[in-house]
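Worksheet: the structure to be examined is printed underneath.
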Amino acid sequence: MAKYVNEYLRERFGCKVYKIALNGGFTCPNRDGTLGTGGCIFCSAGGSGEFAEDAGKNITQQIEDGKRRVEAKIKEGRYIAYFQAFTNTYAPVERLRALYEEAIRHPDIVALSIATRPDCLPEEVLSLLSEMNRRKPVFVELGLQTIHPATAEYIRRGYDLAIYDRAVEQLRERGLEVITHVILGLPGETVEDMVETVRYVCSGGATGIKLQLLHILAGTDLEKEYLEGRVPVLSEDEYIDILKACVREIPEDVVIHRLTGDGDKRILIAPLWSGDKKHVWNRIRGVLDRTVGRQQKKQH
């Protein structure tokens, strides 16, 4: 059974480690006109950075603000600087260097985590990431979502699977850890389609995986289709059953960094059950722990 991220980080860094979501003020080629202007069909106006710090502040200030938000939970721990909003390698390398450098110099930061697209990793950026990784660990988070071409076209992802494969190869050649994002519940996909995506990711070089429930968020093109009755959403029971099927495919050497996700309640349209984060997380862990326990008993 794969490890959950909290256990993995504690073993690696010797203490509790918490992510601070940062906003570097980036955009995305799927928004600035390079590939498109509307973004992926599910992506919010904040570029999945609703929980990130204020982009109007410098990185050091954002880190300090993030520390204050969680100081009651993590008195003896350290932090990962998580560049979350939009595409965090999509800028001139000089600007990237300044932002990453400011984060990596902070004494309480033990690693960088950089969310990006596989088609936004030119050679000079790969070299910069490799340089940073020699100083502190760098996790690169790739938004794949699905391996199925019809779904990728529907969500307007903007690149094909071969580009993702090449990005993983190039990052791993440089010793960088790769965390791949997968969305469960994309319209038109069966359970086997989703399981196939997870199986592909886990066999393709990723060191970690994030499994994300599809959320319908206000202001997205997906919201329009949902309100027109064209997009079904998963019930809690359906999602947990899919998770069980997917987790069975995750080997011991791939770290589970996420099992669901909580959309910003201010813009969450559906499914509303996902808004009760504590209940959902406790139920997921309970079900999966029992499932894993049964699997382990069969193996011995």
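Here's how to read the names in the structure tokens: chain A, B, ... by the order shown, residue numbers from 1 in each chain, ligand numbers from 1 in the order shown.
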Counting only C-alpha atoms, give me one row per residue of range 263-293 of chain A with an atom at most 12 Å from an atom of range 20-43 of chain A, showing the shortest contact pair and its distance in Å to one decimal, sorted by chain then residue number, as CSV.
residue,atom,partner,partner_atom,distance
A:Gly263,CA,A:Cys43,CA,11.0
A:Ile267,CA,A:Cys43,CA,11.6
A:Leu268,CA,A:Phe42,CA,11.5
A:Ile269,CA,A:Phe42,CA,11.7
A:Ala270,CA,A:Phe42,CA,11.9
#### Entry: helix (DSSP H, G or I) per DSSP on the backbone: members of range 5-119 of chain A, as a PyMOL selection string
chain A and resi 5-13+59-70+93-105
Generate the output file for the selected residues, N, CA, C and O atoms, as a compact mmCIF listing (two decimals), in the first residue's frame.
# COMPACT_ATOMS: atom_id res chain seq x y z
N VAL A 5 0.67 11.24 2.39
CA VAL A 5 1.69 12.28 2.33
C VAL A 5 2.19 12.70 3.70
O VAL A 5 3.39 12.96 3.88
N ASN A 6 1.31 12.80 4.70
CA ASN A 6 1.76 13.25 6.03
C ASN A 6 2.80 12.31 6.61
O ASN A 6 3.81 12.74 7.17
N GLU A 7 2.56 11.02 6.46
CA GLU A 7 3.51 10.02 6.95
C GLU A 7 4.83 10.12 6.19
O GLU A 7 5.92 10.08 6.77
N TYR A 8 4.73 10.25 4.88
CA TYR A 8 5.92 10.35 4.04
C TYR A 8 6.77 11.56 4.40
O TYR A 8 8.00 11.47 4.54
N LEU A 9 6.13 12.72 4.57
CA LEU A 9 6.87 13.94 4.87
C LEU A 9 7.49 13.88 6.26
O LEU A 9 8.62 14.35 6.46
N ARG A 10 6.78 13.32 7.22
CA ARG A 10 7.35 13.21 8.56
C ARG A 10 8.58 12.31 8.55
O ARG A 10 9.59 12.61 9.19
N GLU A 11 8.51 11.20 7.81
CA GLU A 11 9.67 10.31 7.72
C GLU A 11 10.83 10.99 7.01
O GLU A 11 11.99 10.83 7.40
N ARG A 12 10.52 11.76 5.99
CA ARG A 12 11.59 12.37 5.20
C ARG A 12 12.25 13.55 5.91
O ARG A 12 13.48 13.70 5.87
N PHE A 13 11.45 14.38 6.57
CA PHE A 13 11.99 15.60 7.16
C PHE A 13 12.09 15.55 8.68
O PHE A 13 12.61 16.47 9.29
N ILE A 59 6.90 37.06 -1.58
CA ILE A 59 6.87 35.65 -1.18
C ILE A 59 7.16 35.49 0.31
O ILE A 59 6.51 34.69 1.00
N THR A 60 8.11 36.26 0.84
CA THR A 60 8.42 36.16 2.27
C THR A 60 7.20 36.53 3.11
O THR A 60 6.88 35.84 4.10
N GLN A 61 6.51 37.59 2.74
CA GLN A 61 5.31 38.00 3.48
C GLN A 61 4.23 36.93 3.38
O GLN A 61 3.54 36.64 4.37
N GLN A 62 4.08 36.34 2.20
CA GLN A 62 3.09 35.28 2.03
C GLN A 62 3.41 34.09 2.93
O GLN A 62 2.51 33.48 3.53
N ILE A 63 4.68 33.71 3.00
CA ILE A 63 5.08 32.59 3.86
C ILE A 63 4.77 32.90 5.32
O ILE A 63 4.22 32.06 6.05
N GLU A 64 5.09 34.10 5.75
CA GLU A 64 4.82 34.47 7.15
C GLU A 64 3.32 34.48 7.44
O GLU A 64 2.88 34.04 8.50
N ASP A 65 2.53 34.98 6.49
CA ASP A 65 1.07 34.95 6.67
C ASP A 65 0.57 33.52 6.75
O ASP A 65 -0.29 33.19 7.59
N GLY A 66 1.11 32.65 5.89
CA GLY A 66 0.71 31.25 5.90
C GLY A 66 1.07 30.56 7.20
O GLY A 66 0.30 29.76 7.74
N LYS A 67 2.23 30.89 7.73
CA LYS A 67 2.64 30.31 9.02
C LYS A 67 1.68 30.71 10.13
O LYS A 67 1.31 29.89 10.98
N ARG A 68 1.27 31.97 10.12
CA ARG A 68 0.36 32.43 11.17
C ARG A 68 -0.99 31.72 11.11
O ARG A 68 -1.63 31.47 12.14
N ARG A 69 -1.42 31.36 9.90
CA ARG A 69 -2.71 30.70 9.75
C ARG A 69 -2.74 29.31 10.39
O ARG A 69 -3.79 28.82 10.79
N VAL A 70 -1.58 28.67 10.44
CA VAL A 70 -1.56 27.28 10.92
C VAL A 70 -0.72 27.11 12.19
O VAL A 70 -0.44 26.00 12.58
N VAL A 93 12.57 33.02 -17.11
CA VAL A 93 13.30 32.28 -16.09
C VAL A 93 13.88 33.20 -15.01
O VAL A 93 14.01 32.80 -13.84
N GLU A 94 14.19 34.45 -15.36
CA GLU A 94 14.72 35.39 -14.37
C GLU A 94 13.67 35.68 -13.28
O GLU A 94 14.00 35.79 -12.09
N ARG A 95 12.42 35.80 -13.70
CA ARG A 95 11.36 36.04 -12.72
C ARG A 95 11.14 34.80 -11.87
O ARG A 95 10.97 34.89 -10.64
N LEU A 96 11.15 33.64 -12.49
CA LEU A 96 11.00 32.40 -11.74
C LEU A 96 12.11 32.24 -10.70
O LEU A 96 11.86 31.89 -9.55
N ARG A 97 13.33 32.52 -11.13
CA ARG A 97 14.47 32.38 -10.22
C ARG A 97 14.29 33.27 -8.98
O ARG A 97 14.53 32.83 -7.85
N ALA A 98 13.86 34.50 -9.20
CA ALA A 98 13.70 35.43 -8.06
C ALA A 98 12.65 34.92 -7.08
O ALA A 98 12.85 34.98 -5.85
N LEU A 99 11.53 34.40 -7.59
CA LEU A 99 10.47 33.92 -6.72
C LEU A 99 10.88 32.65 -5.98
O LEU A 99 10.69 32.52 -4.77
N TYR A 100 11.43 31.68 -6.73
CA TYR A 100 11.86 30.43 -6.09
C TYR A 100 12.97 30.70 -5.07
O TYR A 100 13.00 30.10 -4.00
N GLU A 101 13.88 31.58 -5.44
CA GLU A 101 15.02 31.90 -4.56
C GLU A 101 14.53 32.49 -3.24
O GLU A 101 15.03 32.13 -2.16
N GLU A 102 13.58 33.39 -3.32
CA GLU A 102 13.07 34.01 -2.10
C GLU A 102 12.43 32.96 -1.19
O GLU A 102 12.61 33.00 0.04
N ALA A 103 11.72 32.01 -1.79
CA ALA A 103 11.08 30.96 -0.99
C ALA A 103 12.10 30.00 -0.40
O ALA A 103 12.04 29.66 0.78
N ILE A 104 13.05 29.59 -1.21
CA ILE A 104 13.98 28.55 -0.77
C ILE A 104 14.95 29.06 0.28
O ILE A 104 15.47 28.28 1.09
N ARG A 105 15.18 30.37 0.33
CA ARG A 105 16.08 30.95 1.33
C ARG A 105 15.44 31.02 2.71
O ARG A 105 16.14 31.18 3.71
At a cut-off of 10 Å, using only C-alpha atoms, what residues contact Glu76 in chain A? Leave out same-chain residues fewer than 6 positions from it and give the result as a CSV table (one decimal) with C-alpha atoms, in the first residue's frame.
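File part_33.csv, as written:
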chain,number,residue,atom,x,y,z
A,15,CYS,CA,8.8,16.6,11.7
A,16,LYS,CA,5.4,17.7,10.8
A,17,VAL,CA,5.4,19.5,7.5
### Selected residue of minimal separation from Val254 in chain A among A:Val231, A:Ala162, A:Ala2, A:Val138, counting only C-alpha atoms
A:Ala2
### Query
Could you name the residues that touch Arg134 in chain A at 10 Å or less, counting only C-alpha atoms, but leaving out those on the same chain fewer than 6 positions away, as an NGL selection string?
:A and (174-176)
### Task
May I have the residues within 6 Å of range 112-119 of chain A as a list of chain:residue names, using only C-alpha atoms and disregarding those fewer than 2 positions away in the same chain?
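Listing them by chain and then by number gives A:Ile80, A:Ala81, A:Tyr82, A:Phe83, A:Gln84, A:Thr87, A:Asn88, A:Leu121, A:Val138, A:Phe139, A:Val140, A:Glu141, A:Leu142, A:Gly143, A:Tyr164, A:Ala167.
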I need the residues from that last selection saved to file as an mmCIF file, in the first residue's frame (with N, CA and C atoms), if you can.
data_model
loop_
_atom_site.group_PDB
_atom_site.id
_atom_site.type_symbol
_atom_site.label_atom_id
_atom_site.label_comp_id
_atom_site.auth_asym_id
_atom_site.auth_seq_id
_atom_site.Cartn_x
_atom_site.Cartn_y
_atom_site.Cartn_z
ATOM 1 N N ILE A 80 6.447 23.559 3.410
ATOM 2 C CA ILE A 80 6.731 23.490 1.978
ATOM 3 C C ILE A 80 6.148 24.737 1.336
ATOM 4 N N ALA A 81 6.942 25.421 0.539
ATOM 5 C CA ALA A 81 6.458 26.575 -0.223
ATOM 6 C C ALA A 81 5.790 26.051 -1.486
ATOM 7 N N TYR A 82 4.471 26.140 -1.530
ATOM 8 C CA TYR A 82 3.673 25.559 -2.617
ATOM 9 C C TYR A 82 3.201 26.661 -3.558
ATOM 10 N N PHE A 83 3.850 26.774 -4.700
ATOM 11 C CA PHE A 83 3.413 27.718 -5.725
ATOM 12 C C PHE A 83 2.220 27.088 -6.439
ATOM 13 N N GLN A 84 1.016 27.568 -6.114
ATOM 14 C CA GLN A 84 -0.207 26.843 -6.463
ATOM 15 C C GLN A 84 -1.008 27.467 -7.599
ATOM 16 N N THR A 87 -0.159 28.646 -13.561
ATOM 17 C CA THR A 87 0.940 27.816 -14.072
ATOM 18 C C THR A 87 2.256 28.419 -13.606
ATOM 19 N N ASN A 88 2.918 27.752 -12.675
ATOM 20 C CA ASN A 88 4.003 28.367 -11.914
ATOM 21 C C ASN A 88 5.393 28.184 -12.503
ATOM 22 N N LEU A 121 7.533 23.533 -19.564
ATOM 23 C CA LEU A 121 8.807 23.161 -18.945
ATOM 24 C C LEU A 121 9.934 23.203 -19.982
ATOM 25 N N VAL A 138 12.631 19.620 -4.533
ATOM 26 C CA VAL A 138 11.621 20.273 -5.364
ATOM 27 C C VAL A 138 10.642 19.215 -5.866
ATOM 28 N N PHE A 139 9.367 19.444 -5.577
ATOM 29 C CA PHE A 139 8.288 18.611 -6.094
ATOM 30 C C PHE A 139 7.631 19.382 -7.238
ATOM 31 N N VAL A 140 7.475 18.744 -8.378
ATOM 32 C CA VAL A 140 6.796 19.378 -9.509
ATOM 33 C C VAL A 140 5.437 18.705 -9.684
ATOM 34 N N GLU A 141 4.375 19.495 -9.608
ATOM 35 C CA GLU A 141 3.015 18.963 -9.675
ATOM 36 C C GLU A 141 2.446 19.236 -11.071
ATOM 37 N N LEU A 142 2.115 18.147 -11.766
ATOM 38 C CA LEU A 142 1.649 18.234 -13.146
ATOM 39 C C LEU A 142 0.141 17.977 -13.217
ATOM 40 N N GLY A 143 -0.577 18.884 -13.873
ATOM 41 C CA GLY A 143 -2.022 18.738 -14.010
ATOM 42 C C GLY A 143 -2.396 17.900 -15.211
ATOM 43 N N TYR A 164 2.961 15.054 -21.648
ATOM 44 C CA TYR A 164 3.052 14.689 -20.232
ATOM 45 C C TYR A 164 4.143 13.643 -20.021
ATOM 46 N N ALA A 167 7.536 15.203 -20.187
ATOM 47 C CA ALA A 167 7.804 16.044 -19.024
ATOM 48 C C ALA A 167 8.220 15.197 -17.827
#
Residues at most 7 Å from range 239-253 of chain A, counting only C-alpha atoms, excluding those fewer than 5 positions away in the same chain, as a PDB file with N, CA and C atoms, in the first residue's frame?
ATOM      1  N   MET A   1       0.840  -1.202   0.000  1.00  0.00           N
ATOM      2  CA  MET A   1       0.000   0.000   0.000  1.00  0.00           C
ATOM      3  C   MET A   1       0.877   1.255   0.000  1.00  0.00           C
ATOM      4  N   ALA A   2       0.520   2.210  -0.792  1.00  0.00           N
ATOM      5  CA  ALA A   2       1.251   3.475  -0.850  1.00  0.00           C
ATOM      6  C   ALA A   2       1.121   4.227   0.477  1.00  0.00           C
ATOM      7  N   LYS A   3       2.061   5.111   0.727  1.00  0.00           N
ATOM      8  CA  LYS A   3       2.016   5.942   1.922  1.00  0.00           C
ATOM      9  C   LYS A   3       1.185   7.189   1.659  1.00  0.00           C
ATOM     10  N   VAL A 191     -15.751   4.163 -14.392  1.00  0.00           N
ATOM     11  CA  VAL A 191     -14.837   3.846 -13.296  1.00  0.00           C
ATOM     12  C   VAL A 191     -13.559   3.240 -13.857  1.00  0.00           C
ATOM     13  N   VAL A 195      -9.681   4.407 -13.284  1.00  0.00           N
ATOM     14  CA  VAL A 195      -8.691   3.461 -12.776  1.00  0.00           C
ATOM     15  C   VAL A 195      -7.538   3.331 -13.764  1.00  0.00           C
ATOM     16  N   VAL A 198      -5.154   6.226 -13.313  1.00  0.00           N
ATOM     17  CA  VAL A 198      -4.329   6.051 -12.114  1.00  0.00           C
ATOM     18  C   VAL A 198      -3.248   5.010 -12.369  1.00  0.00           C
ATOM     19  N   ARG A 199      -3.607   3.919 -12.994  1.00  0.00           N
ATOM     20  CA  ARG A 199      -2.641   2.852 -13.291  1.00  0.00           C
ATOM     21  C   ARG A 199      -1.527   3.380 -14.189  1.00  0.00           C
ATOM     22  N   CYS A 202       0.858   5.761 -12.229  1.00  0.00           N
ATOM     23  CA  CYS A 202       1.699   5.055 -11.260  1.00  0.00           C
ATOM     24  C   CYS A 202       2.784   4.212 -11.927  1.00  0.00           C
ATOM     25  N   THR A 207       6.189  10.031  -8.787  1.00  0.00           N
ATOM     26  CA  THR A 207       6.520   9.599  -7.429  1.00  0.00           C
ATOM     27  C   THR A 207       5.370   9.855  -6.465  1.00  0.00           C
ATOM     28  N   LEU A 234     -20.749  13.192  -8.785  1.00  0.00           N
ATOM     29  CA  LEU A 234     -20.715  11.975  -8.000  1.00  0.00           C
ATOM     30  C   LEU A 234     -21.331  12.185  -6.623  1.00  0.00           C
ATOM     31  N   ILE A 284     -13.527   8.745   4.287  1.00  0.00           N
ATOM     32  CA  ILE A 284     -12.611   8.189   3.283  1.00  0.00           C
ATOM     33  C   ILE A 284     -11.511   7.385   3.951  1.00  0.00           C
ATOM     34  N   LEU A 288     -10.958   3.380   3.440  1.00  0.00           N
ATOM     35  CA  LEU A 288      -9.733   2.934   2.786  1.00  0.00           C
ATOM     36  C   LEU A 288      -8.851   2.131   3.732  1.00  0.00           C
TER      37      LEU A 288
END
### Task
Work out how far CA of Tyr90 in chain A is from CA of Leu126 in chain A, in Å to one decimal.
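Value for the CA of Leu126 in chain A-CA of Tyr90 in chain A distance: 11.9 Å.
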### Query
What lies within 9 Å of Gly219 in chain A using only C-alpha atoms, ignoring chain neighbours under 3 positions off, as a list in words?
Cys43, Ser44, Ala45, Leu222, Glu223, Lys224 and Ile267 of chain A
Output all heavy atoms for every residue in the selection just made, as an mmCIF file, in the first residue's frame.
data_model
loop_
_atom_site.group_PDB
_atom_site.id
_atom_site.type_symbol
_atom_site.label_atom_id
_atom_site.label_comp_id
_atom_site.auth_asym_id
_atom_site.auth_seq_id
_atom_site.Cartn_x
_atom_site.Cartn_y
_atom_site.Cartn_z
ATOM 1 N N CYS A 43 -11.705 25.066 -14.447
ATOM 2 C CA CYS A 43 -10.795 25.916 -13.680
ATOM 3 C C CYS A 43 -11.449 27.247 -13.300
ATOM 4 O O CYS A 43 -12.046 27.925 -14.136
ATOM 5 C CB CYS A 43 -9.518 26.170 -14.481
ATOM 6 S SG CYS A 43 -8.197 26.919 -13.500
ATOM 7 N N SER A 44 -11.310 27.609 -12.044
ATOM 8 C CA SER A 44 -11.916 28.835 -11.537
ATOM 9 C C SER A 44 -11.132 30.065 -11.982
ATOM 10 O O SER A 44 -10.019 29.964 -12.500
ATOM 11 C CB SER A 44 -11.956 28.798 -10.007
ATOM 12 O OG SER A 44 -10.633 28.828 -9.500
ATOM 13 N N ALA A 45 -11.698 31.222 -11.697
ATOM 14 C CA ALA A 45 -11.037 32.475 -12.058
ATOM 15 C C ALA A 45 -9.728 32.654 -11.303
ATOM 16 O O ALA A 45 -8.839 33.376 -11.744
ATOM 17 C CB ALA A 45 -11.966 33.650 -11.765
ATOM 18 N N LEU A 222 -17.843 24.859 -16.958
ATOM 19 C CA LEU A 222 -18.459 23.622 -16.476
ATOM 20 C C LEU A 222 -19.734 23.918 -15.692
ATOM 21 O O LEU A 222 -20.696 23.135 -15.740
ATOM 22 C CB LEU A 222 -17.468 22.865 -15.598
ATOM 23 C CG LEU A 222 -17.813 21.414 -15.269
ATOM 24 C CD1 LEU A 222 -17.917 20.566 -16.534
ATOM 25 C CD2 LEU A 222 -16.776 20.819 -14.335
ATOM 26 N N GLU A 223 -19.778 25.041 -14.993
ATOM 27 C CA GLU A 223 -20.990 25.415 -14.266
ATOM 28 C C GLU A 223 -22.163 25.572 -15.226
ATOM 29 O O GLU A 223 -23.285 25.110 -14.947
ATOM 30 C CB GLU A 223 -20.778 26.720 -13.494
ATOM 31 C CG GLU A 223 -22.026 27.176 -12.753
ATOM 32 C CD GLU A 223 -22.023 28.656 -12.385
ATOM 33 O OE1 GLU A 223 -21.204 29.418 -12.949
ATOM 34 O OE2 GLU A 223 -22.854 29.051 -11.549
ATOM 35 N N LYS A 224 -21.919 26.204 -16.370
ATOM 36 C CA LYS A 224 -23.002 26.408 -17.343
ATOM 37 C C LYS A 224 -23.567 25.075 -17.791
ATOM 38 O O LYS A 224 -24.792 24.893 -17.876
ATOM 39 C CB LYS A 224 -22.467 27.193 -18.547
ATOM 40 C CG LYS A 224 -21.942 28.576 -18.213
ATOM 41 C CD LYS A 224 -21.298 29.222 -19.429
ATOM 42 C CE LYS A 224 -20.625 30.531 -19.081
ATOM 43 N NZ LYS A 224 -19.902 31.117 -20.248
ATOM 44 N N ILE A 267 -17.658 29.580 -3.795
ATOM 45 C CA ILE A 267 -17.944 29.406 -5.223
ATOM 46 C C ILE A 267 -18.323 27.960 -5.566
ATOM 47 O O ILE A 267 -18.494 27.636 -6.733
ATOM 48 C CB ILE A 267 -16.742 29.847 -6.094
ATOM 49 C CG1 ILE A 267 -15.481 29.054 -5.734
ATOM 50 C CG2 ILE A 267 -16.510 31.342 -5.969
ATOM 51 C CD1 ILE A 267 -14.316 29.329 -6.693
#
